[in-house]
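A.B. asks: Data file query.cif (mmCIF, C-alpha atoms and all ligand atoms) is appended below.
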data_target
#
loop_
_atom_site.label_atom_id
_atom_site.label_comp_id
_atom_site.auth_asym_id
_atom_site.auth_seq_id
_atom_site.Cartn_x
_atom_site.Cartn_y
_atom_site.Cartn_z
CA MET A 1 17.18 -47.53 -49.58
CA ASP A 2 16.10 -44.09 -48.33
CA THR A 3 12.38 -44.40 -47.57
CA ARG A 4 11.85 -40.89 -46.21
CA PRO A 5 9.39 -38.85 -48.30
CA LEU A 6 10.98 -36.33 -50.61
CA ILE A 7 10.40 -32.81 -49.32
CA TYR A 8 9.74 -31.52 -52.87
CA ASP A 9 6.73 -33.84 -53.11
CA LEU A 10 4.89 -31.56 -50.69
CA SER A 11 2.74 -28.67 -51.84
CA GLN A 12 2.96 -25.55 -49.70
CA PRO A 13 -0.34 -26.34 -47.87
CA GLU A 14 0.95 -29.87 -47.17
CA LEU A 15 4.20 -28.48 -45.80
CA ALA A 16 2.26 -25.99 -43.67
CA GLU A 17 0.09 -28.84 -42.35
CA GLN A 18 3.16 -30.87 -41.38
CA LEU A 19 4.66 -27.92 -39.52
CA ARG A 20 1.39 -27.26 -37.75
CA ALA A 21 1.36 -30.89 -36.64
CA TRP A 22 4.84 -30.33 -35.19
CA GLY A 23 3.53 -27.31 -33.27
CA GLN A 24 5.46 -24.76 -35.33
CA PRO A 25 4.20 -21.20 -35.94
CA SER A 26 2.54 -20.67 -39.31
CA TYR A 27 5.32 -18.48 -40.80
CA ARG A 28 7.74 -21.43 -40.70
CA ALA A 29 6.20 -22.98 -43.81
CA ALA A 30 6.83 -19.80 -45.81
CA GLN A 31 10.41 -19.66 -44.50
CA ILE A 32 11.11 -23.24 -45.53
CA TRP A 33 9.38 -22.77 -48.89
CA ASP A 34 11.53 -19.72 -49.55
CA GLY A 35 14.66 -21.65 -48.55
CA LEU A 36 13.84 -24.57 -50.84
CA TYR A 37 12.67 -22.72 -53.92
CA LYS A 38 14.15 -19.21 -53.78
CA GLN A 39 17.43 -19.65 -51.93
CA LEU A 40 17.78 -23.12 -53.49
CA TRP A 41 19.11 -24.59 -50.26
CA ALA A 42 19.78 -28.28 -50.68
CA ARG A 43 20.28 -29.60 -47.12
CA PRO A 44 18.53 -29.12 -43.77
CA GLU A 45 21.79 -27.63 -42.39
CA ASP A 46 21.47 -24.76 -44.88
CA PHE A 47 18.35 -23.48 -43.09
CA THR A 48 20.23 -21.39 -40.56
CA ASN A 49 17.10 -19.28 -40.01
CA LEU A 50 15.51 -22.28 -38.25
CA SER A 51 16.28 -23.71 -34.84
CA LYS A 52 18.73 -26.58 -34.64
CA ASP A 53 15.92 -28.86 -33.45
CA LEU A 54 13.68 -28.05 -36.39
CA ARG A 55 16.53 -28.57 -38.86
CA ALA A 56 17.18 -31.96 -37.30
CA LYS A 57 13.50 -32.85 -37.47
CA LEU A 58 13.29 -31.89 -41.13
CA GLY A 59 16.29 -34.06 -41.91
CA GLU A 60 14.88 -36.95 -39.91
CA HIS A 61 11.47 -36.90 -41.62
CA PHE A 62 12.30 -35.84 -45.16
CA SER A 63 14.78 -36.65 -47.83
CA PHE A 64 16.21 -33.53 -49.47
CA SER A 65 17.37 -35.41 -52.53
CA HIS A 66 16.30 -38.43 -54.54
CA LEU A 67 18.68 -37.64 -57.37
CA GLN A 68 22.21 -38.95 -57.16
CA PRO A 69 24.24 -37.59 -60.10
CA SER A 70 26.16 -40.56 -61.49
CA ILE A 71 27.51 -39.36 -64.83
CA THR A 72 27.84 -35.84 -66.24
CA LEU A 73 28.89 -35.17 -69.81
CA HIS A 74 29.70 -31.84 -71.45
CA SER A 75 29.45 -31.36 -75.19
CA THR A 76 32.67 -30.28 -76.90
CA ASP A 77 31.38 -26.72 -77.28
CA LYS A 78 30.40 -26.69 -73.56
CA GLN A 79 26.92 -25.49 -74.47
CA THR A 80 25.15 -28.72 -73.60
CA LEU A 81 25.46 -30.65 -70.38
CA LYS A 82 23.78 -33.91 -69.60
CA THR A 83 23.50 -35.64 -66.25
CA LEU A 84 22.43 -39.18 -65.53
CA PHE A 85 20.82 -39.41 -62.08
CA LYS A 86 20.36 -42.55 -60.04
CA LEU A 87 17.11 -42.74 -58.05
CA PRO A 88 16.93 -44.41 -54.62
CA ASP A 89 15.32 -47.53 -56.13
CA GLY A 90 18.16 -47.95 -58.65
CA ASN A 91 16.33 -46.54 -61.67
CA ALA A 92 18.09 -43.89 -63.75
CA ILE A 93 16.88 -40.73 -65.43
CA GLU A 94 18.51 -38.05 -67.50
CA THR A 95 18.37 -34.26 -67.60
CA VAL A 96 19.93 -31.97 -70.19
CA LEU A 97 20.91 -28.31 -69.85
CA MET A 98 21.22 -26.36 -73.09
CA ARG A 99 22.79 -22.90 -73.15
CA TYR A 100 21.91 -20.52 -75.94
CA ASP A 101 24.07 -17.42 -75.68
CA ASP A 102 23.35 -14.20 -77.50
CA ARG A 103 25.67 -13.10 -80.30
CA ASP A 104 27.42 -10.60 -78.03
CA GLY A 105 28.19 -13.45 -75.59
CA SER A 106 25.67 -12.36 -72.96
CA GLN A 107 23.44 -14.94 -71.32
CA GLY A 108 20.63 -16.15 -73.53
CA ARG A 109 18.24 -18.94 -72.75
CA ARG A 110 19.13 -21.66 -70.28
CA THR A 111 16.80 -24.47 -71.21
CA LEU A 112 16.40 -27.64 -69.22
CA CYS A 113 15.00 -30.80 -70.76
CA ILE A 114 13.63 -32.84 -67.87
CA SER A 115 12.30 -36.39 -67.45
CA THR A 116 8.88 -37.31 -66.12
CA GLN A 117 9.23 -41.10 -66.01
CA ALA A 118 12.02 -43.64 -65.64
CA GLY A 119 11.80 -45.36 -69.02
CA CYS A 120 8.68 -44.97 -71.14
CA ALA A 121 5.73 -47.12 -72.13
CA MET A 122 5.17 -45.49 -75.53
CA GLY A 123 7.73 -47.56 -77.44
CA CYS A 124 8.60 -45.04 -80.18
CA VAL A 125 10.99 -47.10 -82.28
CA PHE A 126 13.65 -44.44 -82.83
CA CYS A 127 13.92 -43.45 -79.15
CA ALA A 128 16.43 -44.96 -76.73
CA THR A 129 14.00 -44.54 -73.82
CA GLY A 130 11.24 -46.24 -75.79
CA GLN A 131 13.59 -49.12 -76.52
CA MET A 132 14.18 -49.44 -72.77
CA GLY A 133 10.53 -49.87 -71.77
CA PHE A 134 8.64 -48.42 -68.82
CA ARG A 135 10.11 -48.56 -65.31
CA ARG A 136 8.00 -46.17 -63.24
CA ASN A 137 6.47 -42.72 -62.93
CA LEU A 138 8.54 -40.04 -61.26
CA THR A 139 6.92 -38.21 -58.38
CA SER A 140 6.28 -34.48 -58.74
CA GLY A 141 9.21 -33.87 -56.38
CA GLU A 142 11.56 -36.01 -58.47
CA ILE A 143 10.50 -34.10 -61.59
CA LEU A 144 11.14 -30.71 -60.06
CA GLU A 145 14.32 -31.73 -58.21
CA GLN A 146 15.98 -31.99 -61.64
CA VAL A 147 15.27 -28.28 -62.07
CA LEU A 148 16.53 -27.36 -58.61
CA TYR A 149 19.76 -29.32 -59.18
CA PHE A 150 20.65 -27.35 -62.30
CA ALA A 151 19.30 -24.07 -60.92
CA ARG A 152 21.81 -24.39 -58.05
CA GLN A 153 24.66 -24.93 -60.51
CA LEU A 154 23.63 -21.98 -62.65
CA LYS A 155 23.26 -19.77 -59.57
CA VAL A 156 26.94 -20.27 -58.77
CA GLU A 157 27.68 -18.81 -62.23
CA GLY A 158 25.23 -15.93 -61.67
CA GLU A 159 22.71 -17.46 -64.05
CA ARG A 160 19.26 -19.00 -63.85
CA VAL A 161 17.01 -21.48 -65.60
CA THR A 162 14.92 -19.60 -68.18
CA ASN A 163 12.98 -22.38 -69.94
CA ILE A 164 11.90 -25.91 -69.15
CA VAL A 165 10.79 -28.52 -71.63
CA LEU A 166 9.16 -31.77 -70.46
CA MET A 167 10.76 -33.67 -73.28
CA GLY A 168 13.24 -35.95 -71.53
CA MET A 169 12.59 -39.56 -70.58
CA GLY A 170 8.94 -40.50 -70.41
CA GLU A 171 5.60 -39.24 -71.70
CA PRO A 172 4.49 -36.34 -69.44
CA PHE A 173 0.81 -36.94 -70.17
CA HIS A 174 1.19 -40.57 -69.08
CA ASN A 175 2.18 -39.12 -65.70
CA TYR A 176 -0.19 -36.18 -65.95
CA ASP A 177 -0.87 -35.27 -62.32
CA ALA A 178 2.75 -35.37 -61.19
CA SER A 179 3.98 -33.45 -64.25
CA LEU A 180 1.41 -30.70 -63.79
CA ALA A 181 1.95 -30.57 -60.02
CA ALA A 182 5.70 -30.11 -60.56
CA ILE A 183 5.07 -27.22 -62.95
CA ALA A 184 2.58 -25.60 -60.56
CA ARG A 185 5.14 -25.78 -57.75
CA LEU A 186 7.84 -24.23 -59.94
CA ASN A 187 5.39 -21.48 -61.00
CA ASP A 188 4.79 -20.26 -57.47
CA PRO A 189 5.87 -16.59 -57.29
CA ASP A 190 6.69 -17.09 -53.59
CA GLY A 191 9.09 -19.85 -54.59
CA PHE A 192 10.90 -20.69 -57.81
CA GLY A 193 8.72 -18.26 -59.74
CA LEU A 194 9.11 -19.47 -63.33
CA GLY A 195 6.02 -18.42 -65.32
CA ASN A 196 3.85 -20.87 -67.23
CA ARG A 197 4.91 -19.57 -70.59
CA HIS A 198 8.47 -20.68 -69.93
CA PHE A 199 7.37 -24.33 -69.93
CA THR A 200 6.66 -26.64 -72.85
CA ILE A 201 5.03 -30.02 -72.47
CA SER A 202 5.73 -32.51 -75.21
CA THR A 203 3.38 -35.39 -75.85
CA VAL A 204 3.30 -38.24 -78.30
CA GLY A 205 -0.43 -37.60 -78.70
CA LEU A 206 -2.48 -39.08 -75.85
CA ILE A 207 -5.80 -37.62 -76.93
CA PRO A 208 -7.73 -37.92 -73.63
CA ALA A 209 -4.92 -36.05 -71.85
CA ILE A 210 -4.78 -33.38 -74.58
CA LYS A 211 -8.53 -32.90 -74.10
CA ARG A 212 -8.12 -32.61 -70.35
CA TYR A 213 -5.25 -30.15 -70.80
CA THR A 214 -7.43 -28.11 -73.17
CA THR A 215 -10.36 -28.06 -70.74
CA GLU A 216 -8.08 -27.00 -67.90
CA ARG A 217 -6.81 -24.12 -70.09
CA HIS A 218 -3.19 -24.31 -69.09
CA GLN A 219 -0.86 -21.62 -70.39
CA MET A 220 2.25 -23.75 -70.87
CA GLY A 221 3.33 -24.48 -74.42
CA LEU A 222 2.15 -27.73 -75.97
CA ALA A 223 4.23 -29.71 -78.46
CA ILE A 224 3.08 -32.82 -80.29
CA SER A 225 5.61 -35.41 -81.46
CA LEU A 226 4.10 -36.08 -84.85
CA HIS A 227 6.95 -37.42 -87.04
CA ALA A 228 4.69 -38.78 -89.81
CA ALA A 229 1.70 -37.50 -91.75
CA ASP A 230 -0.18 -40.73 -92.45
CA ASP A 231 -1.35 -43.48 -90.14
CA GLU A 232 0.58 -46.30 -91.73
CA LEU A 233 3.96 -44.62 -91.43
CA ARG A 234 3.22 -43.07 -88.03
CA ALA A 235 2.05 -46.37 -86.54
CA SER A 236 5.26 -48.03 -87.73
CA MET A 237 7.25 -45.44 -85.79
CA LEU A 238 4.95 -44.58 -82.88
CA PRO A 239 2.80 -47.50 -81.69
CA VAL A 240 0.52 -45.01 -79.88
CA ASN A 241 -0.87 -44.13 -83.31
CA ASN A 242 -2.70 -47.48 -83.39
CA ARG A 243 -4.80 -46.19 -80.53
CA TYR A 244 -4.98 -42.52 -81.42
CA PRO A 245 -4.90 -42.06 -85.21
CA ILE A 246 -3.72 -38.85 -86.86
CA LYS A 247 -7.14 -37.52 -87.87
CA ASP A 248 -8.38 -37.63 -84.25
CA LEU A 249 -5.10 -36.26 -82.97
CA ILE A 250 -5.13 -33.26 -85.29
CA GLN A 251 -8.76 -32.60 -84.37
CA ALA A 252 -7.80 -32.58 -80.67
CA CYS A 253 -5.00 -30.12 -81.57
CA ARG A 254 -7.44 -27.88 -83.44
CA ASP A 255 -9.78 -27.91 -80.43
CA TYR A 256 -6.85 -26.99 -78.18
CA VAL A 257 -5.85 -24.03 -80.35
CA GLN A 258 -9.42 -22.83 -80.68
CA THR A 259 -10.18 -23.11 -76.96
CA THR A 260 -6.95 -21.65 -75.60
CA GLY A 261 -6.02 -19.24 -78.40
CA ARG A 262 -2.50 -20.62 -78.17
CA ARG A 263 -0.30 -21.77 -81.01
CA ILE A 264 0.66 -25.45 -81.00
CA THR A 265 4.02 -26.93 -81.98
CA PHE A 266 4.66 -30.14 -83.91
CA GLU A 267 7.96 -31.98 -83.55
CA TRP A 268 9.33 -33.93 -86.48
CA ALA A 269 12.52 -35.99 -86.22
CA LEU A 270 13.74 -36.23 -89.82
CA ILE A 271 14.86 -39.74 -90.71
CA ASN A 272 16.62 -40.31 -93.99
CA GLY A 273 14.37 -41.90 -96.60
CA VAL A 274 11.60 -42.57 -94.04
CA ASN A 275 9.71 -39.39 -93.20
CA ASP A 276 11.77 -36.77 -95.01
CA THR A 277 10.22 -37.29 -98.45
CA PRO A 278 8.48 -34.54 -100.45
CA GLU A 279 5.33 -36.68 -100.22
CA GLN A 280 5.38 -36.60 -96.39
CA ALA A 281 6.06 -32.86 -96.42
CA ARG A 282 3.07 -32.26 -98.72
CA LYS A 283 0.81 -34.51 -96.61
CA LEU A 284 1.90 -32.67 -93.48
CA ALA A 285 1.23 -29.28 -95.06
CA ALA A 286 -2.27 -30.43 -96.02
CA LEU A 287 -2.92 -31.81 -92.52
CA LEU A 288 -1.97 -28.55 -90.80
CA GLN A 289 -3.72 -26.11 -93.15
CA GLY A 290 -5.52 -23.36 -91.28
CA LEU A 291 -4.11 -24.41 -87.89
CA ASN A 292 -2.17 -21.86 -85.81
CA CYS A 293 0.96 -23.98 -85.45
CA HIS A 294 4.68 -24.22 -85.87
CA VAL A 295 6.72 -27.21 -87.02
CA ASN A 296 10.13 -27.97 -85.53
CA VAL A 297 12.12 -30.33 -87.67
CA ILE A 298 15.23 -31.84 -86.20
CA PRO A 299 17.50 -34.37 -87.84
CA LEU A 300 17.31 -37.68 -85.96
CA ASN A 301 19.68 -38.47 -83.11
CA PRO A 302 20.64 -42.04 -84.11
CA THR A 303 20.21 -44.74 -81.42
CA ARG A 304 21.67 -48.23 -81.15
CA GLY A 305 18.34 -49.99 -81.35
CA TYR A 306 17.08 -48.32 -84.54
CA PRO A 307 18.73 -48.44 -87.97
CA GLY A 308 17.35 -45.07 -89.20
CA GLN A 309 19.82 -42.29 -89.95
CA ARG A 310 19.43 -38.55 -89.92
CA SER A 311 18.43 -36.80 -93.11
CA THR A 312 20.97 -35.10 -95.33
CA ARG A 313 21.18 -31.32 -95.39
CA GLU A 314 19.60 -31.23 -98.85
CA ARG A 315 16.59 -33.30 -97.80
CA VAL A 316 16.09 -31.18 -94.69
CA ALA A 317 16.13 -28.03 -96.85
CA GLU A 318 13.66 -29.50 -99.34
CA PHE A 319 11.29 -30.66 -96.58
CA ARG A 320 11.34 -27.24 -95.03
CA SER A 321 10.80 -25.38 -98.30
CA ILE A 322 7.72 -27.47 -99.13
CA LEU A 323 6.19 -26.59 -95.76
CA GLU A 324 7.03 -22.92 -96.08
CA ALA A 325 5.67 -22.75 -99.63
CA ALA A 326 2.39 -24.06 -98.19
CA GLY A 327 2.39 -21.32 -95.55
CA ILE A 328 3.39 -23.55 -92.62
CA SER A 329 5.83 -21.93 -90.22
CA CYS A 330 8.84 -24.17 -89.75
CA THR A 331 12.23 -24.13 -88.00
CA VAL A 332 15.09 -26.55 -88.45
CA ARG A 333 16.46 -27.14 -84.99
CA VAL A 334 20.14 -27.62 -84.40
CA ARG A 335 20.92 -31.00 -82.89
CA ARG A 336 22.45 -30.33 -79.52
CA GLY A 337 24.91 -32.51 -77.66
CA ILE A 338 25.17 -35.24 -80.28
CA ASP A 339 28.66 -36.01 -78.92
CA ILE A 340 27.23 -36.66 -75.45
CA GLN A 341 24.27 -38.79 -76.51
CA ALA A 342 21.91 -35.98 -75.56
CA GLY A 343 18.89 -37.62 -77.18
CA CYS A 344 16.45 -38.77 -74.55
CA GLY A 345 17.37 -42.07 -72.93
CA GLN A 346 20.63 -42.50 -74.79
CA LEU A 347 22.86 -42.19 -71.77
CA ALA A 348 20.83 -44.44 -69.49
CA GLU A 349 20.57 -47.00 -72.24
CA SER A 350 24.28 -46.98 -72.97
CA GLU A 351 25.56 -46.97 -69.41
CA GLY A 352 27.79 -49.96 -68.90
CA GLN A 353 27.63 -50.97 -72.54
CA GLN A 354 30.30 -48.78 -74.05
CA PRO A 355 32.97 -46.46 -72.79
CA ILE A 356 31.75 -42.89 -72.40
CA GLN A 357 33.74 -39.80 -71.63
CA ILE A 358 33.05 -38.76 -68.07
CA SER A 359 33.68 -35.23 -66.95
CA ASN A 360 33.96 -33.89 -63.42
S1 LIG B 1 9.96 -40.35 -77.82
FE1 LIG B 1 9.08 -39.75 -75.84
S2 LIG B 1 7.10 -40.83 -75.80
FE2 LIG B 1 8.31 -41.83 -77.40
S3 LIG B 1 9.31 -43.55 -76.33
FE3 LIG B 1 10.73 -41.78 -76.28
S4 LIG B 1 10.33 -40.85 -74.30
FE4 LIG B 1 8.57 -42.14 -74.76
#
Write the structure described by the file as structure tokens, please.
Ligand code: SF4
C.D. replies:
Amino acid sequence: MDTRPLIYDLSQPELAEQLRAWGQPSYRAAQIWDGLYKQLWARPEDFTNLSKDLRAKLGEHFSFSHLQPSITLHSTDKQTLKTLFKLPDGNAIETVLMRYDDRDGSQGRRTLCISTQAGCAMGCVFCATGQMGFRRNLTSGEILEQVLYFARQLKVEGERVTNIVLMGMGEPFHNYDASLAAIARLNDPDGFGLGNRHFTISTVGLIPAIKRYTTERHQMGLAISLHAADDELRASMLPVNNRYPIKDLIQACRDYVQTTGRRITFEWALINGVNDTPEQARKLAALLQGLNCHVNVIPLNPTRGYPGQRSTRERVAEFRSILEAAGISCTVRVRRGIDIQAGCGQLAESEGQQPIQISN
């Protein structure tokens, strides 16, 4: 197993410190930073602006990749691409690229859904990653290497990553420091340069972390996976609700909106006959009254370990109209990549258990 530290785990001051310790002039750190995050160079050999000796030293001391792509699947419409990466310790994570082109065919958003943990400790019953259990936290470098991997691919096509959602495997707020450090590194205008507002962090509702995030006044988007409007139903779907009940969670969300002035998003996976009833829609509308928020409803991506099915078109429409009639802004999201098991954790969970179509 490769035990060298991952170069993307270093902040710029840490990289500068390392180079100083090697007796290098101070501008070397900026050169290497630029190579890693602007030029998107992936190997020490790519740094032709450095001496041969320094390139060799970098390669000797640092790993330039912890992510080994093992399976890549393209959706039939080619708009969604999912890669399963193997980590050096044998764990697997998934990353999804979603392309949203404009009507005239020009490049629209290129959104990456990235993982923050291998597995997840939250145990949401409908989620393939939750069914898998927790393996380990990713380091900040492993989180951001997912972005660099796809950014390099897009660059070849003359495109770039425009949005990043921390909504893949894992609960980002359960790996708070590494998730926020990865975003900060990707923000750096001297490097990757993707602004805060192009990021969305999704949490299942870890209230202490939401409070910390509020106090720190971050500018990234915040999305809460709500999925149910009363404690009994929510706890049956999301065990975290036993610890952090809805009333406290919504209060933390109100505090966030009031402190930051930012709108908050609620995610709702619609499950047929479970949380898509008019009663749940009305309860949700009552819960969110007066809150600057938006609700994304998305029909469930079915998983092997959960019998729930996605809602019918009619039930989705009814759910949405109840929210809108109550003045709650709501969007029905299109399910992307259903043919490539694009729901979080589905590929890692299924690997080796059923044949899957593998592309190049
Ligand atoms: S939905 Fe998110 S928080 Fe819940 S188990 Fe899956 S990965 Fe974890």
A.B. asks: Rounded to one decimal, what separation in Å do you get between CA of Leu84 in chain A and CA of Arg310 in chain A?
C.D. replies: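 CA of Arg310 in chain A lies at a distance of 24.6 Å from CA of Leu84 in chain A.
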A.B. asks: Given all atoms listed in the file as the basis, pick out the residue of A:His227, A:Lys78, A:Arg43, A:Arg99 nearest to ligand LIG 1 (chain B).
C.D. replies: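 Smallest distance to ligand LIG 1 (chain B) is found for A:His227.
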A.B. asks: Using only C-alpha atoms, find all polymer residues with an atom at most 12 Å away from the point (9.8, -41.7, -45.2); report them as a count of residues only.
C.D. replies: 16
A.B. asks: To one decimal place, how far is CA of His198 in chain A from CA of Asn301 in chain A in Å?
C.D. replies: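 Distance reported for this atom pair: 24.8 Å.
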A.B. asks: Take the point (-8.6, -26.8, -80.9) as written in the file and pick out every residue within 12 Å of it, counting all atoms listed in the file; give the list as a PDB file with C-alpha atoms, keeping the file's coordinate frame.
C.D. replies:
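As written to disk, part.pdb reads:
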ATOM      1  CA  ILE A 207      -5.800 -37.620 -76.930  1.00  0.00           C
ATOM      2  CA  ILE A 210      -4.780 -33.380 -74.580  1.00  0.00           C
ATOM      3  CA  LYS A 211      -8.530 -32.900 -74.100  1.00  0.00           C
ATOM      4  CA  TYR A 213      -5.250 -30.150 -70.800  1.00  0.00           C
ATOM      5  CA  THR A 214      -7.430 -28.110 -73.170  1.00  0.00           C
ATOM      6  CA  THR A 215     -10.360 -28.060 -70.740  1.00  0.00           C
ATOM      7  CA  ARG A 217      -6.810 -24.120 -70.090  1.00  0.00           C
ATOM      8  CA  LEU A 222       2.150 -27.730 -75.970  1.00  0.00           C
ATOM      9  CA  ASP A 248      -8.380 -37.630 -84.250  1.00  0.00           C
ATOM     10  CA  LEU A 249      -5.100 -36.260 -82.970  1.00  0.00           C
ATOM     11  CA  ILE A 250      -5.130 -33.260 -85.290  1.00  0.00           C
ATOM     12  CA  GLN A 251      -8.760 -32.600 -84.370  1.00  0.00           C
ATOM     13  CA  ALA A 252      -7.800 -32.580 -80.670  1.00  0.00           C
ATOM     14  CA  CYS A 253      -5.000 -30.120 -81.570  1.00  0.00           C
ATOM     15  CA  ARG A 254      -7.440 -27.880 -83.440  1.00  0.00           C
ATOM     16  CA  ASP A 255      -9.780 -27.910 -80.430  1.00  0.00           C
ATOM     17  CA  TYR A 256      -6.850 -26.990 -78.180  1.00  0.00           C
ATOM     18  CA  VAL A 257      -5.850 -24.030 -80.350  1.00  0.00           C
ATOM     19  CA  GLN A 258      -9.420 -22.830 -80.680  1.00  0.00           C
ATOM     20  CA  THR A 259     -10.180 -23.110 -76.960  1.00  0.00           C
ATOM     21  CA  THR A 260      -6.950 -21.650 -75.600  1.00  0.00           C
ATOM     22  CA  GLY A 261      -6.020 -19.240 -78.400  1.00  0.00           C
ATOM     23  CA  ARG A 262      -2.500 -20.620 -78.170  1.00  0.00           C
ATOM     24  CA  ARG A 263      -0.300 -21.770 -81.010  1.00  0.00           C
ATOM     25  CA  ILE A 264       0.660 -25.450 -81.000  1.00  0.00           C
ATOM     26  CA  GLY A 290      -5.520 -23.360 -91.280  1.00  0.00           C
ATOM     27  CA  LEU A 291      -4.110 -24.410 -87.890  1.00  0.00           C
ATOM     28  CA  ASN A 292      -2.170 -21.860 -85.810  1.00  0.00           C
ATOM     29  CA  CYS A 293       0.960 -23.980 -85.450  1.00  0.00           C
TER      30      CYS A 293
END
A.B. asks: Can you list, as a PDB file with C-alpha atoms, in the coordinates of the input, every protein, DNA or RNA residue that comes within 10 Å of Gln131 in chain A when you count all atoms listed in the file, leaving out same-chain residues fewer than 4 positions away?
C.D. replies:
ATOM      1  CA  GLY A 119      11.800 -45.360 -69.020  1.00  0.00           C
ATOM      2  CA  CYS A 120       8.680 -44.970 -71.140  1.00  0.00           C
ATOM      3  CA  ALA A 121       5.730 -47.120 -72.130  1.00  0.00           C
ATOM      4  CA  MET A 122       5.170 -45.490 -75.530  1.00  0.00           C
ATOM      5  CA  GLY A 123       7.730 -47.560 -77.440  1.00  0.00           C
ATOM      6  CA  CYS A 124       8.600 -45.040 -80.180  1.00  0.00           C
ATOM      7  CA  VAL A 125      10.990 -47.100 -82.280  1.00  0.00           C
ATOM      8  CA  PHE A 126      13.650 -44.440 -82.830  1.00  0.00           C
ATOM      9  CA  CYS A 127      13.920 -43.450 -79.150  1.00  0.00           C
ATOM     10  CA  THR A 303      20.210 -44.740 -81.420  1.00  0.00           C
ATOM     11  CA  ARG A 304      21.670 -48.230 -81.150  1.00  0.00           C
ATOM     12  CA  GLY A 305      18.340 -49.990 -81.350  1.00  0.00           C
ATOM     13  CA  TYR A 306      17.080 -48.320 -84.540  1.00  0.00           C
ATOM     14  CA  GLY A 345      17.370 -42.070 -72.930  1.00  0.00           C
ATOM     15  CA  GLN A 346      20.630 -42.500 -74.790  1.00  0.00           C
ATOM     16  CA  GLU A 349      20.570 -47.000 -72.240  1.00  0.00           C
TER      17      GLU A 349
END
A.B. asks: Work out how far apart atom S3 of ligand LIG 1 (chain B) and CA of Val204 in chain A are and give it in Å to one decimal.
C.D. replies: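 Spanning atom S3 of ligand LIG 1 (chain B) to CA of Val204 in chain A is a straight-line distance of 8.3 Å.
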A.B. asks: Excluding Pro44 in chain A and residues on its chain fewer than 2 positions from it, collect all residues at most 12 Å away from it, counting all atoms listed in the file, and give them as a VMD selection string.
C.D. replies: chain A and resid 7 32 35 to 36 40 to 42 46 to 65
A.B. asks: Within 10 Å of ligand LIG 1 (chain B) (counting only C-alpha atoms and all ligand atoms), which residues show up? I'd like them as a VMD selection string.
C.D. replies: chain A and resid 115 to 134 166 to 174 202 to 206 225 237 to 240 269 343 to 345
